[in-house]
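*Asks:* Structure file model20.csv (CSV, C-alpha atoms and all ligand atoms) is given on the next line.
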```csv
chain,number,residue,atom,x,y,z
N,1,MET,CA,0.0,0.0,0.0
N,2,THR,CA,1.3,3.5,-0.8
N,3,ASN,CA,0.0,6.6,1.0
N,4,LYS,CA,0.4,9.8,-1.0
N,5,LEU,CA,1.4,12.9,0.9
N,6,ASN,CA,-1.2,15.4,-0.3
N,7,PRO,CA,-2.3,17.9,2.4
N,8,SER,CA,-4.5,20.8,1.6
N,9,THR,CA,-2.9,24.2,1.0
N,10,ARG,CA,-4.0,26.1,4.1
N,11,ILE,CA,-3.9,29.8,5.0
N,12,LEU,CA,-2.1,29.7,8.3
N,13,MET,CA,-3.5,32.4,10.6
N,14,GLY,CA,-3.2,30.7,13.9
N,15,PRO,CA,-0.5,31.0,16.7
N,16,GLY,CA,2.1,29.4,14.4
N,17,PRO,CA,3.4,27.8,12.3
N,18,SER,CA,2.9,30.6,9.8
N,19,ASP,CA,2.9,30.4,6.0
N,20,VAL,CA,6.3,29.9,4.5
N,21,HIS,CA,7.6,31.9,1.5
N,22,PRO,CA,8.1,29.6,-1.6
N,23,ARG,CA,11.8,30.6,-1.6
N,24,VAL,CA,12.1,29.1,1.8
N,25,LEU,CA,10.5,25.9,0.6
N,26,LYS,CA,12.8,25.8,-2.4
N,27,ALA,CA,15.8,26.3,-0.2
N,28,MET,CA,14.8,23.1,1.7
N,29,ALA,CA,15.1,21.2,-1.6
N,30,THR,CA,18.7,22.2,-2.0
N,31,PRO,CA,21.1,19.2,-2.1
N,32,LEU,CA,22.5,18.3,1.3
N,33,LEU,CA,26.0,19.1,2.3
N,34,GLY,CA,27.9,17.2,5.0
N,35,HIS,CA,27.4,18.9,8.4
N,36,LEU,CA,31.2,19.7,8.6
N,37,ASP,CA,31.6,20.6,5.0
N,38,PRO,CA,33.4,23.9,4.8
N,39,GLN,CA,30.6,25.2,2.6
N,40,PHE,CA,28.0,24.3,5.3
N,41,ILE,CA,30.1,25.9,8.0
N,42,GLN,CA,30.1,29.1,5.9
N,43,ILE,CA,26.3,28.9,5.8
N,44,MET,CA,26.2,28.4,9.6
N,45,ASP,CA,28.4,31.5,10.0
N,46,GLN,CA,26.1,33.5,7.7
N,47,VAL,CA,23.0,32.3,9.8
N,48,MET,CA,24.8,33.4,13.0
N,49,GLU,CA,25.6,36.8,11.5
N,50,MET,CA,22.0,37.3,10.3
N,51,LEU,CA,20.6,36.2,13.7
N,52,ARG,CA,22.8,38.8,15.4
N,53,GLN,CA,21.3,41.5,13.2
N,54,LEU,CA,17.8,40.2,13.9
N,55,PHE,CA,18.4,40.1,17.7
N,56,GLN,CA,20.2,43.5,17.3
N,57,THR,CA,23.2,42.2,19.2
N,58,GLU,CA,26.9,41.9,19.1
N,59,ASN,CA,26.8,38.7,21.1
N,60,GLN,CA,29.2,36.1,19.7
N,61,LEU,CA,27.2,33.2,21.1
N,62,THR,CA,24.2,33.6,18.8
N,63,PHE,CA,23.1,30.5,16.9
N,64,ALA,CA,20.1,28.2,16.3
N,65,VAL,CA,19.4,25.3,18.7
N,66,SER,CA,18.5,22.2,16.6
N,67,ALA,CA,14.9,21.8,17.9
N,68,THR,CA,11.8,24.0,18.4
N,69,GLY,CA,11.3,27.0,20.7
N,70,SER,CA,10.8,24.9,23.8
N,71,ALA,CA,14.3,23.6,23.4
N,72,GLY,CA,15.6,27.1,23.2
N,73,MET,CA,13.7,27.8,26.5
N,74,GLU,CA,15.2,24.7,28.0
N,75,THR,CA,18.7,25.5,26.7
N,76,CYS,CA,18.6,28.8,28.6
N,77,PHE,CA,17.4,27.4,31.9
N,78,VAL,CA,19.5,24.2,32.0
N,79,ASN,CA,22.7,26.1,31.2
N,80,LEU,CA,22.1,29.0,33.5
N,81,LEU,CA,20.7,27.2,36.5
N,82,GLU,CA,22.2,24.7,38.9
N,83,PRO,CA,20.3,22.7,41.6
N,84,GLY,CA,19.7,24.9,44.6
N,85,ASP,CA,19.7,28.2,42.6
N,86,GLU,CA,16.8,30.6,42.8
N,87,ALA,CA,15.0,31.7,39.7
N,88,MET,CA,12.1,34.3,39.4
N,89,VAL,CA,9.6,33.7,36.6
N,90,CYS,CA,7.0,36.2,35.5
N,91,VAL,CA,3.8,34.4,34.5
N,92,ASN,CA,0.9,35.8,32.6
N,93,GLY,CA,0.0,32.9,30.3
N,94,VAL,CA,0.9,29.4,29.2
N,95,PHE,CA,4.5,30.0,28.3
N,96,GLY,CA,5.4,31.6,31.6
N,97,ASN,CA,4.0,28.4,33.2
N,98,ARG,CA,6.2,26.3,31.0
N,99,MET,CA,9.2,28.2,32.2
N,100,CYS,CA,8.2,27.4,35.8
N,101,ASP,CA,8.0,23.7,35.0
N,102,ILE,CA,11.5,23.8,33.6
N,103,VAL,CA,13.0,25.8,36.5
N,104,GLU,CA,11.7,23.1,38.9
N,105,ARG,CA,13.0,20.3,36.7
N,106,CYS,CA,16.5,22.0,37.0
N,107,GLY,CA,16.2,21.5,40.7
N,108,ALA,CA,16.1,25.3,41.2
N,109,LYS,CA,13.9,27.1,43.7
N,110,LEU,CA,11.1,28.8,41.8
N,111,ILE,CA,9.8,32.3,42.7
N,112,ARG,CA,6.7,33.0,40.7
N,113,ILE,CA,5.2,36.4,39.9
N,114,ASP,CA,1.7,36.1,38.5
N,115,ALA,CA,-0.2,38.7,36.5
N,116,ASP,CA,-3.8,38.2,35.2
N,117,TRP,CA,-4.1,36.5,31.8
N,118,GLY,CA,-4.5,39.2,29.2
N,119,SER,CA,-2.5,41.7,31.3
N,120,HIS,CA,1.2,42.6,31.2
N,121,VAL,CA,3.5,42.1,34.2
N,122,ASP,CA,3.9,45.4,36.1
N,123,PRO,CA,7.5,46.4,36.7
N,124,ASP,CA,6.6,47.5,40.3
N,125,GLN,CA,5.5,43.9,41.0
N,126,VAL,CA,9.0,42.7,39.9
N,127,LYS,CA,10.7,45.4,42.0
N,128,GLN,CA,8.7,44.5,45.1
N,129,ALA,CA,9.4,40.8,44.7
N,130,LEU,CA,13.1,41.4,44.3
N,131,CYS,CA,13.2,43.2,47.7
N,132,ASN,CA,12.6,39.8,49.3
N,133,CYS,CA,14.9,37.5,47.4
N,134,SER,CA,18.0,37.5,45.2
N,135,PRO,CA,17.5,35.1,42.3
N,136,LYS,CA,20.2,34.2,39.8
N,137,LEU,CA,17.9,35.1,37.0
N,138,VAL,CA,14.5,36.7,36.2
N,139,SER,CA,12.7,35.4,33.1
N,140,ILE,CA,9.7,36.8,31.2
N,141,VAL,CA,7.8,36.3,27.9
N,142,HIS,CA,8.0,39.2,25.5
N,143,ALA,CA,5.0,38.1,23.4
N,144,GLU,CA,2.6,35.8,25.3
N,145,THR,CA,1.1,33.7,22.5
N,146,SER,CA,-1.6,32.3,24.7
N,147,THR,CA,-3.1,35.8,25.5
N,148,GLY,CA,-1.8,38.3,22.9
N,149,VAL,CA,0.1,40.5,25.4
N,150,LEU,CA,3.2,42.4,24.3
N,151,GLN,CA,5.3,42.8,27.5
N,152,PRO,CA,7.4,46.0,27.7
N,153,LEU,CA,10.9,45.0,28.7
N,154,LYS,CA,13.1,48.1,29.2
N,155,ASP,CA,11.9,49.0,32.7
N,156,ILE,CA,11.9,45.5,34.0
N,157,SER,CA,15.4,44.9,32.6
N,158,LYS,CA,16.6,48.0,34.5
N,159,ILE,CA,15.0,46.7,37.7
N,160,VAL,CA,16.6,43.3,37.3
N,161,HIS,CA,20.0,44.8,36.6
N,162,ASP,CA,19.8,46.8,39.8
N,163,THR,CA,20.4,43.4,41.3
N,164,SER,CA,23.0,40.8,40.2
N,165,ALA,CA,20.4,38.7,38.4
N,166,LEU,CA,20.4,37.8,34.7
N,167,PHE,CA,17.5,38.9,32.5
N,168,LEU,CA,16.2,36.0,30.3
N,169,VAL,CA,13.5,36.7,27.7
N,170,ASP,CA,11.3,34.5,25.5
N,171,THR,CA,10.8,36.0,22.0
N,172,VAL,CA,9.4,33.0,20.2
N,173,THR,CA,6.4,35.0,18.9
N,174,SER,CA,7.9,38.5,18.8
N,175,LEU,CA,11.2,38.1,16.9
N,176,ALA,CA,11.0,39.4,13.3
N,177,GLY,CA,7.5,40.9,13.8
N,178,THR,CA,8.3,43.6,16.3
N,179,ASP,CA,11.4,45.3,17.7
N,180,VAL,CA,13.7,43.1,19.8
N,181,ARG,CA,16.8,44.9,21.0
N,182,VAL,CA,19.0,42.5,22.9
N,183,ASP,CA,21.9,44.9,23.5
N,184,ASP,CA,19.9,48.2,24.0
N,185,TRP,CA,17.5,46.5,26.4
N,186,GLU,CA,20.3,44.6,28.2
N,187,ILE,CA,18.9,41.1,27.7
N,188,ASP,CA,21.4,38.6,29.0
N,189,ALA,CA,19.9,35.4,27.4
N,190,ILE,CA,17.2,35.1,24.8
N,191,TYR,CA,15.5,32.4,22.7
N,192,SER,CA,13.0,32.3,19.8
N,193,GLY,CA,11.5,29.9,17.3
N,194,THR,CA,11.6,29.8,13.5
N,195,GLN,CA,7.9,29.1,12.8
N,196,LYS,CA,6.3,32.4,13.8
N,197,CYS,CA,7.4,35.8,12.4
N,198,ILE,CA,10.6,34.4,10.9
N,199,SER,CA,8.3,32.2,8.7
N,200,ALA,CA,10.5,29.1,8.3
N,201,PRO,CA,9.1,25.7,9.3
N,202,PRO,CA,9.2,24.7,13.0
N,203,GLY,CA,12.4,23.0,14.0
N,204,LEU,CA,15.1,25.5,15.1
N,205,SER,CA,15.4,27.9,18.0
N,206,PRO,CA,17.6,31.0,17.6
N,207,VAL,CA,19.3,31.8,20.9
N,208,SER,CA,21.8,34.5,22.1
N,209,PHE,CA,23.9,34.8,25.2
N,210,ASN,CA,25.9,37.9,26.3
N,211,PRO,CA,29.4,37.7,28.0
N,212,LYS,CA,27.8,37.9,31.5
N,213,ALA,CA,25.6,34.9,30.8
N,214,ILE,CA,28.6,33.0,29.4
N,215,GLU,CA,30.6,33.8,32.5
N,216,ILE,CA,27.8,32.3,34.7
N,217,MET,CA,27.8,29.2,32.5
N,218,ASP,CA,31.6,28.9,32.7
N,219,GLN,CA,31.5,29.1,36.5
N,220,ARG,CA,29.2,26.1,36.9
N,221,LYS,CA,30.1,23.6,39.6
N,222,THR,CA,27.8,20.9,38.2
N,223,ARG,CA,27.4,19.4,34.7
N,224,VAL,CA,24.4,20.5,32.7
N,225,GLN,CA,21.7,17.9,33.1
N,226,SER,CA,21.1,17.7,29.4
N,227,TRP,CA,23.8,16.4,27.1
N,228,TYR,CA,22.1,17.6,23.9
N,229,LEU,CA,21.5,21.1,25.1
N,230,ASP,CA,24.8,21.6,27.0
N,231,LEU,CA,26.2,24.8,25.5
N,232,SER,CA,29.8,24.0,26.6
N,233,LEU,CA,29.6,21.2,24.0
N,234,VAL,CA,27.2,22.6,21.4
N,235,LYS,CA,29.2,25.9,21.1
N,236,ASN,CA,32.2,24.1,19.7
N,237,TYR,CA,30.1,23.0,16.8
N,238,TRP,CA,28.4,26.4,16.0
N,239,ALA,CA,31.0,28.8,17.2
N,240,GLY,CA,34.2,27.2,18.4
N,241,ALA,CA,37.5,27.6,16.6
N,242,LYS,CA,37.7,23.9,15.7
N,243,ARG,CA,34.0,23.3,14.7
N,244,ALA,CA,33.9,19.8,16.1
N,245,TYR,CA,31.1,17.4,15.6
N,246,HIS,CA,28.4,17.5,18.4
N,247,HIS,CA,25.2,16.3,16.7
N,248,THR,CA,24.2,16.1,13.0
N,249,ALA,CA,22.7,19.5,12.3
N,250,PRO,CA,19.3,19.5,10.5
N,251,ILE,CA,20.9,20.7,7.3
N,252,SER,CA,17.7,21.5,5.3
N,253,MET,CA,16.2,23.4,8.2
N,254,VAL,CA,19.4,25.5,8.4
N,255,TYR,CA,19.0,26.2,4.7
N,256,ALA,CA,15.4,27.3,5.3
N,257,LEU,CA,16.4,29.6,8.1
N,258,HIS,CA,19.1,31.1,6.0
N,259,GLU,CA,16.6,31.9,3.2
N,260,ALA,CA,14.0,33.2,5.7
N,261,LEU,CA,16.5,35.5,7.3
N,262,SER,CA,17.7,36.7,3.8
N,263,LEU,CA,14.0,37.5,3.0
N,264,ILE,CA,13.7,39.5,6.3
N,265,PHE,CA,16.7,41.6,5.5
N,266,GLU,CA,15.6,42.2,1.9
N,267,GLU,CA,12.4,43.6,3.3
N,268,GLY,CA,14.1,45.5,6.1
N,269,LEU,CA,13.3,45.3,9.8
N,270,GLU,CA,11.5,48.6,10.1
N,271,LYS,CA,9.3,47.9,7.1
N,272,ARG,CA,8.5,44.5,8.3
N,273,PHE,CA,7.5,45.7,11.8
N,274,LYS,CA,5.3,48.4,10.1
N,275,ARG,CA,3.6,45.7,7.9
N,276,HIS,CA,2.8,43.7,11.0
N,277,ARG,CA,1.3,46.8,12.8
N,278,HIS,CA,-0.6,47.9,9.7
N,279,ASN,CA,-2.2,44.5,9.0
N,280,HIS,CA,-3.1,44.1,12.7
N,281,GLU,CA,-4.9,47.5,12.5
N,282,LEU,CA,-6.8,46.4,9.4
N,283,LEU,CA,-7.9,43.1,11.1
N,284,ARG,CA,-8.8,44.9,14.4
N,285,ASP,CA,-11.0,47.4,12.5
N,286,GLY,CA,-12.8,44.6,10.7
N,287,LEU,CA,-13.3,42.5,13.8
N,288,GLU,CA,-14.5,45.4,15.9
N,289,GLU,CA,-17.0,46.3,13.2
N,290,MET,CA,-18.3,42.8,13.5
N,291,GLY,CA,-18.6,43.1,17.3
N,292,PHE,CA,-15.5,41.2,18.4
N,293,GLU,CA,-13.8,42.5,21.6
N,294,PHE,CA,-10.0,42.2,22.1
N,295,VAL,CA,-8.8,40.5,25.2
N,296,VAL,CA,-5.8,42.9,25.7
N,297,ALA,CA,-5.8,46.7,26.2
N,298,PRO,CA,-4.7,48.5,23.0
N,299,GLU,CA,-1.2,49.6,24.3
N,300,TYR,CA,-0.2,46.1,25.2
N,301,ARG,CA,-1.6,44.3,22.2
N,302,LEU,CA,0.6,42.1,20.0
N,303,PRO,CA,0.4,42.9,16.3
N,304,MET,CA,1.1,39.3,15.3
N,305,LEU,CA,-1.3,37.5,17.7
N,306,ASN,CA,-4.8,38.9,18.0
N,307,ALA,CA,-6.7,37.4,20.9
N,308,VAL,CA,-10.5,38.1,20.7
N,309,ARG,CA,-13.4,36.9,22.8
N,310,ILE,CA,-15.7,34.6,21.0
N,311,PRO,CA,-19.1,36.4,20.8
N,312,GLU,CA,-22.1,35.0,22.7
N,313,GLY,CA,-24.0,32.5,20.6
N,314,VAL,CA,-21.0,31.7,18.3
N,315,ASP,CA,-19.9,28.1,18.5
N,316,ASP,CA,-16.1,28.0,18.8
N,317,ILE,CA,-15.6,24.5,17.3
N,318,ILE,CA,-18.1,24.8,14.5
N,319,VAL,CA,-16.8,28.1,13.2
N,320,ARG,CA,-13.2,27.1,13.3
N,321,ARG,CA,-14.0,23.8,11.6
N,322,LYS,CA,-15.9,25.6,8.8
N,323,LEU,CA,-13.1,28.1,8.3
N,324,LEU,CA,-10.7,25.1,7.9
N,325,ASP,CA,-13.0,22.9,5.7
N,326,GLU,CA,-14.7,25.5,3.6
N,327,TYR,CA,-12.1,28.3,3.4
N,328,ASN,CA,-8.8,26.5,4.1
N,329,ILE,CA,-8.1,29.1,6.9
N,330,GLU,CA,-6.6,28.1,10.2
N,331,ILE,CA,-7.1,30.3,13.3
N,332,GLY,CA,-6.1,29.3,16.8
N,333,ALA,CA,-8.3,28.1,19.7
N,334,GLY,CA,-7.9,29.6,23.2
N,335,LEU,CA,-5.3,27.9,25.4
N,336,GLY,CA,-5.5,27.0,29.1
N,337,ASN,CA,-7.8,29.5,30.9
N,338,PHE,CA,-9.0,30.9,27.5
N,339,ALA,CA,-10.1,27.5,26.0
N,340,GLY,CA,-13.5,27.8,24.4
N,341,LYS,CA,-13.6,31.6,25.2
N,342,VAL,CA,-11.0,33.2,22.9
N,343,TRP,CA,-9.7,32.9,19.4
N,344,ARG,CA,-6.1,33.6,18.6
N,345,ILE,CA,-5.6,35.0,15.1
N,346,GLY,CA,-2.0,35.1,13.9
N,347,LEU,CA,-0.5,37.6,11.5
N,348,MET,CA,3.0,36.3,11.5
N,349,GLY,CA,5.7,36.8,8.9
N,350,HIS,CA,4.6,35.6,5.5
N,351,SER,CA,1.1,35.1,6.8
N,352,CYS,CA,0.9,38.8,7.8
N,353,ASP,CA,-0.7,39.9,4.5
N,354,GLN,CA,-3.6,42.2,3.6
N,355,ASN,CA,-5.3,39.6,1.4
N,356,HIS,CA,-5.2,37.1,4.3
N,357,VAL,CA,-6.9,39.7,6.5
N,358,ASN,CA,-9.6,40.4,4.0
N,359,MET,CA,-10.2,36.8,3.2
N,360,LEU,CA,-10.6,35.9,6.9
N,361,LEU,CA,-13.0,38.8,7.6
N,362,ALA,CA,-15.1,37.9,4.6
N,363,ALA,CA,-15.2,34.2,5.6
N,364,LEU,CA,-16.1,35.1,9.2
N,365,ARG,CA,-18.9,37.4,8.0
N,366,GLN,CA,-20.4,34.6,5.9
N,367,ILE,CA,-20.2,32.0,8.6
N,368,ILE,CA,-21.3,34.1,11.5
N,369,ASN,CA,-24.0,36.1,9.9
P,401,LIG,C1,5.9,32.4,23.6
P,401,LIG,C2,6.2,30.9,23.3
P,401,LIG,N1,7.2,30.4,23.9
P,401,LIG,C3,7.6,29.1,23.7
P,401,LIG,C4,6.9,28.3,22.7
P,401,LIG,C5,7.3,26.9,22.4
P,401,LIG,O1,7.8,26.8,21.2
P,401,LIG,P1,7.7,25.4,20.3
P,401,LIG,O2,6.2,25.1,20.2
P,401,LIG,O3,8.3,25.8,19.0
P,401,LIG,O4,8.5,24.4,21.1
P,401,LIG,C6,5.9,28.9,22.0
P,401,LIG,C7,5.1,28.1,21.0
P,401,LIG,O5,4.0,28.5,20.6
P,401,LIG,C8,5.5,30.2,22.3
P,401,LIG,O6,4.5,30.8,21.6
```
Written as structure tokens, how would this file's structure read?
*Replies:*
Amino acid sequence: MTNKLNPSTRILMGPGPSDVHPRVLKAMATPLLGHLDPQFIQIMDQVMEMLRQLFQTENQLTFAVSATGSAGMETCFVNLLEPGDEAMVCVNGVFGNRMCDIVERCGAKLIRIDADWGSHVDPDQVKQALCNCSPKLVSIVHAETSTGVLQPLKDISKIVHDTSALFLVDTVTSLAGTDVRVDDWEIDAIYSGTQKCISAPPGLSPVSFNPKAIEIMDQRKTRVQSWYLDLSLVKNYWAGAKRAYHHTAPISMVYALHEALSLIFEEGLEKRFKRHRHNHELLRDGLEEMGFEFVVAPEYRLPMLNAVRIPEGVDDIIVRRKLLDEYNIEIGAGLGNFAGKVWRIGLMGHSCDQNHVNMLLAALRQIIN
């Protein structure tokens, strides 16, 4: 028996993955190189340089972990924390919760700061909490994909750096869709994912660490619990002088990321951020005209992830199924506390397109009215 691979061509307007530009798909069909071929190493170097530009950093240790965003998250925590350390995690949605889980698995003591789902974390809350403890790091999610909140980072970074703690930030959903300034905002460690605003398939997690974070890792007294994510080993493959084998890099994914990053810089960061904001406003106007309410206050709304309350009398599952079956459009369901109550509409990277917005609004009008 043979099973043909023939999925429908969807319009991806959920929380990720986003649509991928045909040039990225074509890059993935490029013949493979060996993972230590000098030509592949040159491609890795170019990816690292483009990631530095995207993160707006001079950090040498900037590369892509060979797995999805959660592996980037785990890489940061397992390398920076040792058993018995204290870590403060700001939680206002699913991904802050995931950080807490990882902190505890590292054997570290978790200090949690909770904000309401749909709200940002108030810098004063962090300041107050830091009066009573001295954690090794403070972590926060820049773009909470489960709620649609854009978290301002500058003030909290300053508060964290008034102590000796490191500042660790999740930019899985924000990177390449809105400004992320690693050096200006003094972010010590950061991770992202390829399948959102970068618009490559899921499978790699860009990360960056500044010299202060590297110093902390170099001073470890215990071995990193994870062999695969241990940066003292991985960095000799991506960034070491000798480029020694660690694991077999996912070559085609690195090609995809290279092409996606090239597309980002052909467009230009400012223009790309503006496109995300513009299409978000177009979608917002259309949805509000239909009576939808946004979960998040305007000044804290993500442009690339629009969380709206499902109106009374509208069936969550039936409408999303119709969008998929009859219009080939995917939007996201609510997660956790928001399941069944909220839709999450993504406008990420290549999916952030005026035609997509118009198509979705037209489809929703037909289905709901
Ligand atoms: C904010 C945030 N952090 C982390 C992750 C985990 O990334 P992945 O699903 O690629 O492992 C996601 C995924 O949606 C996310 O949105």
*Asks:* I'd like the neighbourhood of N:Ala241 as an mmCIF file with C-alpha atoms, in the frame of the given file, where a residue qualifies if any of its atoms comes within 12 Å (using all atoms listed in the file), though same-chain residues fewer than 5 positions away should be ignored.
*Replies:*
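Saved file selection.cif follows:
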```cif
data_model
loop_
_atom_site.group_PDB
_atom_site.id
_atom_site.type_symbol
_atom_site.label_atom_id
_atom_site.label_comp_id
_atom_site.auth_asym_id
_atom_site.auth_seq_id
_atom_site.Cartn_x
_atom_site.Cartn_y
_atom_site.Cartn_z
ATOM 1 C CA ILE N 41 30.100 25.900 8.000
ATOM 2 C CA ASP N 45 28.400 31.500 10.000
ATOM 3 C CA LYS N 235 29.200 25.900 21.100
ATOM 4 C CA ASN N 236 32.200 24.100 19.700
#
```
*Asks:* Step by step, measure atom-to-atom distances between ligand LIG 401 (chain P) and each residue using only C-alpha atoms and all ligand atoms, keep those at most 9 Å, then write them as a ChimeraX atom specification.
*Replies:* /N:15-17,67-73,93-96,98-99,141-146,170-174,191-196,202-205
*Asks:* Report, in Å to a single decimal, how far apart atom CA of N:Val169 and atom CA of N:Ile331 are.
*Replies:* 25.9 Å
*Asks:* Closest to N:Val47 among N:Leu257, N:Val314, N:Leu263, N:Val319, using all atoms listed in the file?
*Replies:* N:Leu257
*Asks:* Ranking N:Pro38, N:Thr147, N:Ile214, N:Lys26 by minimum distance to N:Asp116 and counting only C-alpha atoms, which one comes first?
*Replies:*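 When distances to N:Asp116 are compared using only C-alpha atoms, the smallest one comes from N:Thr147.
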*Asks:* Just add N, CA and C atoms to stretch 87-100 of chain N and send it as an mmCIF file, in the coordinates of the input.
*Replies:*
```
data_model
loop_
_atom_site.group_PDB
_atom_site.id
_atom_site.type_symbol
_atom_site.label_atom_id
_atom_site.label_comp_id
_atom_site.auth_asym_id
_atom_site.auth_seq_id
_atom_site.Cartn_x
_atom_site.Cartn_y
_atom_site.Cartn_z
ATOM 1 N N ALA N 87 15.315 31.085 40.937
ATOM 2 C CA ALA N 87 15.000 31.700 39.700
ATOM 3 C C ALA N 87 13.578 32.357 39.792
ATOM 4 N N MET N 88 13.454 33.600 39.323
ATOM 5 C CA MET N 88 12.100 34.300 39.400
ATOM 6 C C MET N 88 11.540 34.224 37.958
ATOM 7 N N VAL N 89 10.291 33.744 37.879
ATOM 8 C CA VAL N 89 9.600 33.700 36.600
ATOM 9 C C VAL N 89 8.350 34.527 36.624
ATOM 10 N N CYS N 90 8.203 35.409 35.634
ATOM 11 C CA CYS N 90 7.000 36.200 35.500
ATOM 12 C C CYS N 90 5.998 35.432 34.663
ATOM 13 N N VAL N 91 4.781 35.262 35.183
ATOM 14 C CA VAL N 91 3.800 34.400 34.500
ATOM 15 C C VAL N 91 2.525 35.174 34.214
ATOM 16 N N ASN N 92 2.170 35.272 32.924
ATOM 17 C CA ASN N 92 0.900 35.800 32.600
ATOM 18 C C ASN N 92 0.235 35.022 31.422
ATOM 19 N N GLY N 93 0.580 33.733 31.375
ATOM 20 C CA GLY N 93 0.000 32.900 30.300
ATOM 21 C C GLY N 93 0.733 31.518 30.330
ATOM 22 N N VAL N 94 0.437 30.744 29.289
ATOM 23 C CA VAL N 94 0.900 29.400 29.200
ATOM 24 C C VAL N 94 2.445 29.255 29.207
ATOM 25 N N PHE N 95 3.103 30.185 28.501
ATOM 26 C CA PHE N 95 4.500 30.000 28.300
ATOM 27 C C PHE N 95 5.361 30.383 29.530
ATOM 28 N N GLY N 96 4.825 31.301 30.346
ATOM 29 C CA GLY N 96 5.400 31.600 31.600
ATOM 30 C C GLY N 96 5.319 30.335 32.527
ATOM 31 N N ASN N 97 4.162 29.683 32.463
ATOM 32 C CA ASN N 97 4.000 28.400 33.200
ATOM 33 C C ASN N 97 4.987 27.372 32.816
ATOM 34 N N ARG N 98 5.227 27.298 31.487
ATOM 35 C CA ARG N 98 6.200 26.300 31.000
ATOM 36 C C ARG N 98 7.583 26.560 31.568
ATOM 37 N N MET N 99 7.930 27.853 31.637
ATOM 38 C CA MET N 99 9.200 28.200 32.200
ATOM 39 C C MET N 99 9.326 27.708 33.673
ATOM 40 N N CYS N 100 8.219 27.874 34.426
ATOM 41 C CA CYS N 100 8.200 27.400 35.800
ATOM 42 C C CYS N 100 8.488 25.944 35.930
#
```
